[in-house]
>>> print(open('entry_14.txt').read())   # compact mmCIF, C-alpha atoms
# COMPACT_ATOMS: atom_id res chain seq x y z
CA MET D 4 21.96 6.86 -13.31
CA ASP D 5 18.55 5.84 -14.50
CA GLN D 6 18.42 2.57 -16.44
CA THR D 7 15.18 3.12 -18.34
CA GLN D 8 13.32 0.40 -20.20
CA THR D 9 9.80 0.21 -21.54
CA THR D 10 7.61 -2.64 -22.67
CA GLN D 11 7.15 -3.46 -26.32
CA GLY D 12 3.82 -2.33 -27.78
CA GLY D 13 0.98 -4.64 -28.58
CA THR D 14 -0.52 -5.50 -25.21
CA THR D 15 -4.27 -5.87 -25.45
CA ALA D 16 -6.87 -4.28 -23.23
CA ALA D 17 -7.68 -7.74 -21.85
CA THR D 18 -4.15 -8.25 -20.57
CA PRO D 19 -3.93 -7.84 -16.78
CA GLY D 20 -2.23 -4.53 -16.02
CA ALA D 21 -2.52 -3.26 -19.61
CA GLN D 22 -1.63 0.45 -19.93
CA ARG D 23 -0.61 0.67 -16.29
CA ARG D 24 2.82 2.14 -15.61
CA VAL D 25 5.09 0.78 -12.88
CA LEU D 26 8.39 2.38 -11.91
CA VAL D 27 10.76 -0.13 -10.31
CA VAL D 28 13.47 1.45 -8.16
CA GLU D 29 16.19 -1.00 -7.08
CA ASP D 30 19.99 -0.83 -7.27
CA ASP D 31 20.60 -4.60 -7.53
CA PRO D 32 20.67 -5.42 -11.28
CA THR D 33 19.54 -9.02 -10.78
CA ILE D 34 16.54 -8.05 -8.67
CA VAL D 35 15.46 -5.10 -10.79
CA ASP D 36 15.65 -7.19 -13.97
CA ALA D 37 13.63 -10.01 -12.40
CA ILE D 38 10.92 -7.65 -11.12
CA ALA D 39 10.71 -5.79 -14.42
CA ALA D 40 10.49 -9.03 -16.41
CA ARG D 41 7.68 -10.39 -14.22
CA LEU D 42 5.67 -7.17 -14.36
CA ARG D 43 6.07 -6.93 -18.13
CA ALA D 44 4.80 -10.50 -18.36
CA GLU D 45 1.74 -9.29 -16.42
CA GLY D 46 1.13 -6.64 -19.07
CA PHE D 47 2.51 -3.58 -17.29
CA GLN D 48 4.63 -0.87 -18.83
CA VAL D 49 7.84 -0.72 -16.81
CA GLN D 50 10.67 1.71 -16.31
CA THR D 51 13.51 1.30 -13.85
CA ALA D 52 15.79 3.52 -11.80
CA THR D 53 18.80 2.53 -9.70
CA ASP D 54 19.24 5.48 -7.33
CA GLY D 55 17.18 7.99 -5.41
CA PRO D 56 17.63 11.10 -7.59
CA ALA D 57 16.93 9.15 -10.80
CA ALA D 58 13.80 7.67 -9.23
CA VAL D 59 12.38 11.10 -8.36
CA ASP D 60 13.22 12.51 -11.80
CA THR D 61 11.70 9.52 -13.61
CA ALA D 62 8.56 9.62 -11.49
CA GLU D 63 8.07 13.31 -12.27
CA ALA D 64 8.63 12.89 -16.00
CA TRP D 65 6.85 9.55 -16.58
CA GLN D 66 3.96 9.81 -14.08
CA PRO D 67 3.80 6.10 -13.10
CA ASP D 68 0.65 4.52 -11.67
CA LEU D 69 2.65 2.68 -9.01
CA LEU D 70 6.17 2.50 -7.56
CA VAL D 71 7.99 -0.64 -6.49
CA LEU D 72 10.59 1.00 -4.29
CA ASP D 73 13.59 -0.43 -2.44
CA VAL D 74 14.46 1.21 0.89
CA MET D 75 18.26 1.05 0.50
CA LEU D 76 19.38 3.14 -2.49
CA PRO D 77 22.40 5.23 -3.53
CA GLY D 78 21.99 9.00 -3.56
CA PHE D 79 19.21 9.06 -1.00
CA ASP D 80 17.12 6.24 0.34
CA GLY D 81 13.70 4.96 -0.63
CA LEU D 82 12.01 6.74 2.27
CA GLU D 83 13.18 10.08 0.91
CA VAL D 84 12.14 9.03 -2.61
CA CYS D 85 8.69 8.22 -1.25
CA ARG D 86 8.41 11.60 0.47
CA ARG D 87 9.45 13.54 -2.63
CA VAL D 88 7.30 11.58 -5.06
CA GLN D 89 4.24 11.84 -2.81
CA ALA D 90 4.83 15.60 -2.59
CA GLN D 91 4.57 15.75 -6.40
CA ARG D 92 1.37 13.69 -6.65
CA PRO D 93 -0.28 10.83 -4.76
CA VAL D 94 0.91 7.47 -6.11
CA PRO D 95 0.68 4.00 -4.54
CA VAL D 96 4.01 2.64 -3.34
CA MET D 97 5.08 -0.95 -2.72
CA MET D 98 8.16 -0.74 -0.49
CA LEU D 99 10.89 -3.39 -0.55
CA THR D 100 13.20 -3.91 2.40
CA ALA D 101 16.12 -6.27 2.95
CA ARG D 102 15.72 -6.09 6.72
CA ASP D 103 12.88 -7.72 8.60
CA ASP D 104 12.77 -4.67 10.84
CA GLU D 105 9.29 -3.56 11.86
CA THR D 106 10.51 -0.05 12.67
CA ASP D 107 11.65 0.42 9.07
CA MET D 108 8.31 -0.92 7.85
CA LEU D 109 6.33 1.46 10.03
CA VAL D 110 8.47 4.41 8.92
CA GLY D 111 7.83 3.43 5.31
CA LEU D 112 4.09 3.26 5.89
CA GLY D 113 4.29 6.58 7.71
CA VAL D 114 5.86 8.43 4.77
CA GLY D 115 3.22 7.25 2.32
CA ALA D 116 3.95 3.66 1.31
CA ASP D 117 0.82 1.52 0.89
CA ASP D 118 2.38 -1.89 1.33
CA TYR D 119 5.77 -3.51 1.77
CA MET D 120 7.54 -6.79 1.16
CA THR D 121 10.64 -8.16 2.87
CA LYS D 122 13.37 -9.75 0.77
CA PRO D 123 13.56 -12.46 -0.33
CA PHE D 124 10.09 -12.63 -1.82
CA SER D 125 8.39 -14.52 -4.61
CA MET D 126 7.77 -12.70 -7.89
CA ARG D 127 4.33 -14.30 -7.98
CA GLU D 128 3.37 -12.65 -4.68
CA LEU D 129 4.86 -9.32 -5.75
CA ALA D 130 2.83 -9.32 -8.96
CA ALA D 131 -0.33 -10.31 -7.08
CA ARG D 132 0.11 -7.49 -4.58
CA VAL D 133 0.74 -4.95 -7.34
CA HIS D 134 -2.54 -5.95 -8.99
CA VAL D 135 -4.42 -5.75 -5.69
CA LEU D 136 -2.96 -2.36 -4.82
CA LEU D 137 -3.93 -0.91 -8.19
CA ARG D 138 -7.46 -2.31 -7.87
CA ARG D 139 -7.74 -0.68 -4.46
CA VAL D 140 -6.66 2.69 -5.86
CA GLU D 141 -9.17 2.31 -8.71
CA ARG D 142 -11.95 1.65 -6.18
CA ALA D 143 -10.95 4.80 -4.31
CA ALA D 144 -11.04 6.86 -7.50
CA LEU D 145 -14.48 5.52 -8.44
CA ALA D 146 -15.82 6.16 -4.96
CA ALA D 147 -14.66 9.77 -5.11
CA HIS D 148 -16.93 10.33 -8.13
CA THR D 149 -20.03 8.63 -6.78
CA PRO D 150 -22.87 10.50 -5.02
CA ARG D 151 -22.26 11.00 -1.33
CA SER D 152 -23.83 8.24 0.73
CA GLY D 153 -24.21 7.54 4.42
CA ILE D 154 -21.46 8.04 6.93
CA LEU D 155 -20.64 5.44 9.56
CA ARG D 156 -20.11 6.94 13.01
CA LEU D 157 -18.56 4.90 15.79
CA GLY D 158 -18.23 7.32 18.67
CA GLU D 159 -15.68 9.96 17.68
CA LEU D 160 -14.61 7.90 14.66
CA GLU D 161 -16.35 8.81 11.40
CA ILE D 162 -15.97 6.82 8.15
CA ASP D 163 -17.30 8.24 4.89
CA HIS D 164 -17.36 5.28 2.49
CA ALA D 165 -18.25 7.24 -0.64
CA GLN D 166 -15.58 9.91 -0.17
CA ARG D 167 -13.13 7.47 1.45
CA ARG D 168 -12.51 9.97 4.23
CA VAL D 169 -11.95 9.35 7.91
CA ARG D 170 -12.32 11.82 10.77
CA VAL D 171 -11.47 11.47 14.44
CA ARG D 172 -13.08 14.03 16.73
CA GLY D 173 -14.01 16.07 13.65
CA CYS D 174 -10.46 16.22 12.27
CA ASP D 175 -9.53 14.60 8.96
CA VAL D 176 -7.12 11.67 9.20
CA HIS D 177 -5.06 10.83 6.14
CA LEU D 178 -5.09 7.10 5.44
CA THR D 179 -3.48 5.26 2.56
CA PRO D 180 -5.87 3.20 0.38
CA THR D 181 -4.71 0.05 2.18
CA GLU D 182 -5.26 1.55 5.63
CA PHE D 183 -8.74 2.77 4.66
CA ASP D 184 -9.78 -0.65 3.38
CA LEU D 185 -8.38 -2.28 6.51
CA LEU D 186 -10.36 0.08 8.73
CA VAL D 187 -13.56 -0.48 6.74
CA CYS D 188 -13.09 -4.25 6.99
CA LEU D 189 -12.87 -4.00 10.78
CA ALA D 190 -15.73 -1.48 10.94
CA ASN D 191 -18.08 -3.72 8.98
CA THR D 192 -18.32 -5.96 12.06
CA PRO D 193 -17.39 -3.74 15.02
CA ARG D 194 -16.22 -5.57 18.15
CA ALA D 195 -16.01 -8.84 16.20
CA VAL D 196 -12.55 -10.36 16.16
CA LEU D 197 -11.15 -10.91 12.67
CA SER D 198 -8.16 -13.19 12.26
CA ARG D 199 -5.03 -12.04 10.49
CA GLU D 200 -5.76 -14.58 7.77
CA GLN D 201 -9.25 -13.15 7.27
CA LEU D 202 -7.92 -9.61 7.01
CA LEU D 203 -5.17 -10.68 4.64
CA ALA D 204 -7.70 -12.40 2.37
CA GLU D 205 -10.32 -9.63 2.46
CA VAL D 206 -8.09 -6.55 2.30
CA TRP D 207 -5.09 -7.83 0.34
CA ASP D 208 -6.83 -10.60 -1.64
CA TRP D 209 -3.88 -12.71 -0.58
CA ALA D 210 -4.69 -15.89 1.38
CA ASP D 211 -1.19 -16.76 2.53
CA ALA D 212 -0.22 -17.02 6.18
CA SER D 213 3.28 -15.73 5.37
CA GLY D 214 1.76 -12.29 4.92
CA THR D 215 0.33 -11.94 8.42
CA ARG D 216 3.27 -9.74 9.48
CA THR D 217 2.04 -7.29 6.84
CA VAL D 218 -1.32 -7.15 8.62
CA ASP D 219 0.36 -6.50 11.98
CA SER D 220 2.44 -3.63 10.61
CA HIS D 221 -0.55 -1.98 8.95
CA ILE D 222 -2.58 -2.32 12.14
CA LYS D 223 0.20 -0.53 14.05
CA ALA D 224 0.32 2.23 11.44
CA LEU D 225 -3.47 2.57 11.58
CA ARG D 226 -3.43 2.77 15.37
CA ARG D 227 -1.00 5.67 15.24
CA LYS D 228 -3.46 7.59 13.10
CA ILE D 229 -6.85 6.83 14.66
CA GLY D 230 -5.79 6.03 18.24
CA ALA D 231 -4.35 2.82 19.66
CA GLU D 232 -7.34 2.29 21.94
CA ARG D 233 -9.68 1.87 18.97
CA ILE D 234 -8.21 -1.42 17.78
CA ARG D 235 -8.07 -4.33 20.20
CA THR D 236 -5.55 -7.15 19.83
CA VAL D 237 -6.70 -10.65 20.63
CA HIS D 238 -3.40 -12.49 21.02
CA GLY D 239 -3.07 -15.54 18.86
CA VAL D 240 -6.25 -14.66 16.95
CA GLY D 241 -6.46 -11.21 15.39
CA TYR D 242 -7.97 -7.75 15.81
CA ALA D 243 -11.28 -6.03 16.54
CA LEU D 244 -12.45 -2.44 16.16
CA GLU D 245 -13.63 -1.17 19.52
CA THR D 246 -16.78 0.96 19.66
CA PRO D 247 -18.24 3.03 22.48
CA PRO D 248 -21.00 1.44 24.54
CA ALA D 249 -24.47 1.92 23.12
>>> encode(input="entry_14.txt", output="structure tokens")
Amino acid sequence: MDQTQTTQGGTTAATPGAQRRVLVVEDDPTIVDAIAARLRAEGFQVQTATDGPAAVDTAEAWQPDLLVLDVMLPGFDGLEVCRRVQAQRPVPVMMLTARDDETDMLVGLGVGADDYMTKPFSMRELAARVHVLLRRVERAALAAHTPRSGILRLGELEIDHAQRRVRVRGCDVHLTPTEFDLLVCLANTPRAVLSREQLLAEVWDWADASGTRTVDSHIKALRRKIGAERIRTVHGVGYALETPPA
């Protein structure tokens, strides 16, 4: 059943994460307590759930701003939770997995997760990524309410910065906020090779080489959506966005 907890009142507007709601879904009591404690220390309001059905019910009733979601859960797994929650309303999801299995990571990204972390992980990095993910979503919301500006066209790939929309051959492509920012970062210098460390720092605001696997997984997810031929791998270095000849 749902083990629900909320922060005590009194956080100030200046506190990082103030007023933001995070639902932590994890069936290991030690881990869920540690995550909740760290996020409360960052100023977030936190509720927790320990199984799939409770997670979906809590998300519907509480309307969190972000989910920290474990893949392996009783009832039904985190992938199904992600599907059902995203069907209710778009919400950023940080997926947690105990297995360093890239297939699981890609499936998670495919059902709507924005980022993932493999256990064990540091609470400091988790908190940092939660902040970054929320900032990215805020940028997307602000952009949606700004006047329409120019559209970048690279062959059949079209990127609308103001509306944060992407089209391939005239068809809309749904990207998560993370995927969109990753694509824009590559598109800012087409054909130029950006290292994994550069992408990690610019897109995730996280300059830590341990996170380069995250970059690789997001690149693979992005390729599935816009076409594998559009992103070139430079082995041992990084990635470049390919563009048609002038």
>>> atom_distance(input="entry_14.txt", atom1="atom CA of D:Asp219", atom2="atom CA of D:Met98")
15.8 Å
>>> closest_residue(input="entry_14.txt", among="D:Trp65, D:Asp175, D:Ala204, D:Arg235", to="D:Cys188", atoms="only C-alpha atoms")
D:Ala204
>>> atom_distance(input="entry_14.txt", atom1="atom CA of D:His238", atom2="atom CA of D:Val135")
27.6 Å
>>> closest_residue(input="entry_14.txt", among="D:Glu141, D:Asp54, D:Glu63, D:Glu205", to="D:Glu83", atoms="all atoms listed in the file")
D:Asp54
>>> closest_residue(input="entry_14.txt", among="D:Ala52, D:Ile34, D:Ala243, D:Ile229", to="D:Pro193", atoms="all atoms listed in the file")
D:Ala243
>>> residues_around(input="entry_14.txt", residues="D:Glu232", least_positions_apart="3", cutoff="12 Å", atoms="only C-alpha atoms", output="list of chain:residue names")
D:Leu160, D:Ile222, D:Lys223, D:Leu225, D:Arg226, D:Arg227, D:Lys228, D:Ile229, D:Arg235, D:Thr236, D:Tyr242, D:Ala243, D:Leu244, D:Glu245, D:Thr246, D:Pro247
>>> atom_distance(input="entry_14.txt", atom1="atom CA of D:Arg41", atom2="atom CA of D:Asp118")
18.5 Å
>>> residues_around(input="entry_14.txt", residues="D:Leu137", least_positions_apart="4", cutoff="12 Å", atoms="all atoms listed in the file", output="VMD selection string")
chain D and resid 19 to 21 23 to 25 47 67 to 70 94 to 97 117 to 118 130 to 133 141 to 144 180 to 181 207
>>> residues_around(input="entry_14.txt", residues="D:Leu72", least_positions_apart="3", cutoff="9 Å", atoms="all atoms listed in the file", output="list in words")
Leu26, Val27, Val28, Glu29, Ala58, Gly81, Leu82, Val84, Cys85, Val96, Met97, Met98, Leu99, Thr100 and Tyr119 of chain D
>>> residues_around(input="entry_14.txt", residues="D:Gly153", least_positions_apart="2", cutoff="9 Å", atoms="only C-alpha atoms", output="mmCIF file with C-alpha atoms, in the coordinates of the input")
data_model
loop_
_atom_site.group_PDB
_atom_site.id
_atom_site.type_symbol
_atom_site.label_atom_id
_atom_site.label_comp_id
_atom_site.auth_asym_id
_atom_site.auth_seq_id
_atom_site.Cartn_x
_atom_site.Cartn_y
_atom_site.Cartn_z
ATOM 1 C CA ARG D 151 -22.260 11.000 -1.330
ATOM 2 C CA LEU D 155 -20.640 5.440 9.560
ATOM 3 C CA ASP D 163 -17.300 8.240 4.890
ATOM 4 C CA HIS D 164 -17.360 5.280 2.490
ATOM 5 C CA ALA D 165 -18.250 7.240 -0.640
#
>>> residues_around(input="entry_14.txt", residues="D:Asp31", least_positions_apart="4", cutoff="10 Å", atoms="only C-alpha atoms", output="list in words")
Val35, Asp36, Thr53, Asp73 and Leu76 of chain D
>>> closest_residue(input="entry_14.txt", among="D:Glu159, D:Glu200, D:Asp208, D:Asp80", to="D:Gly230", atoms="all atoms listed in the file")
D:Glu159
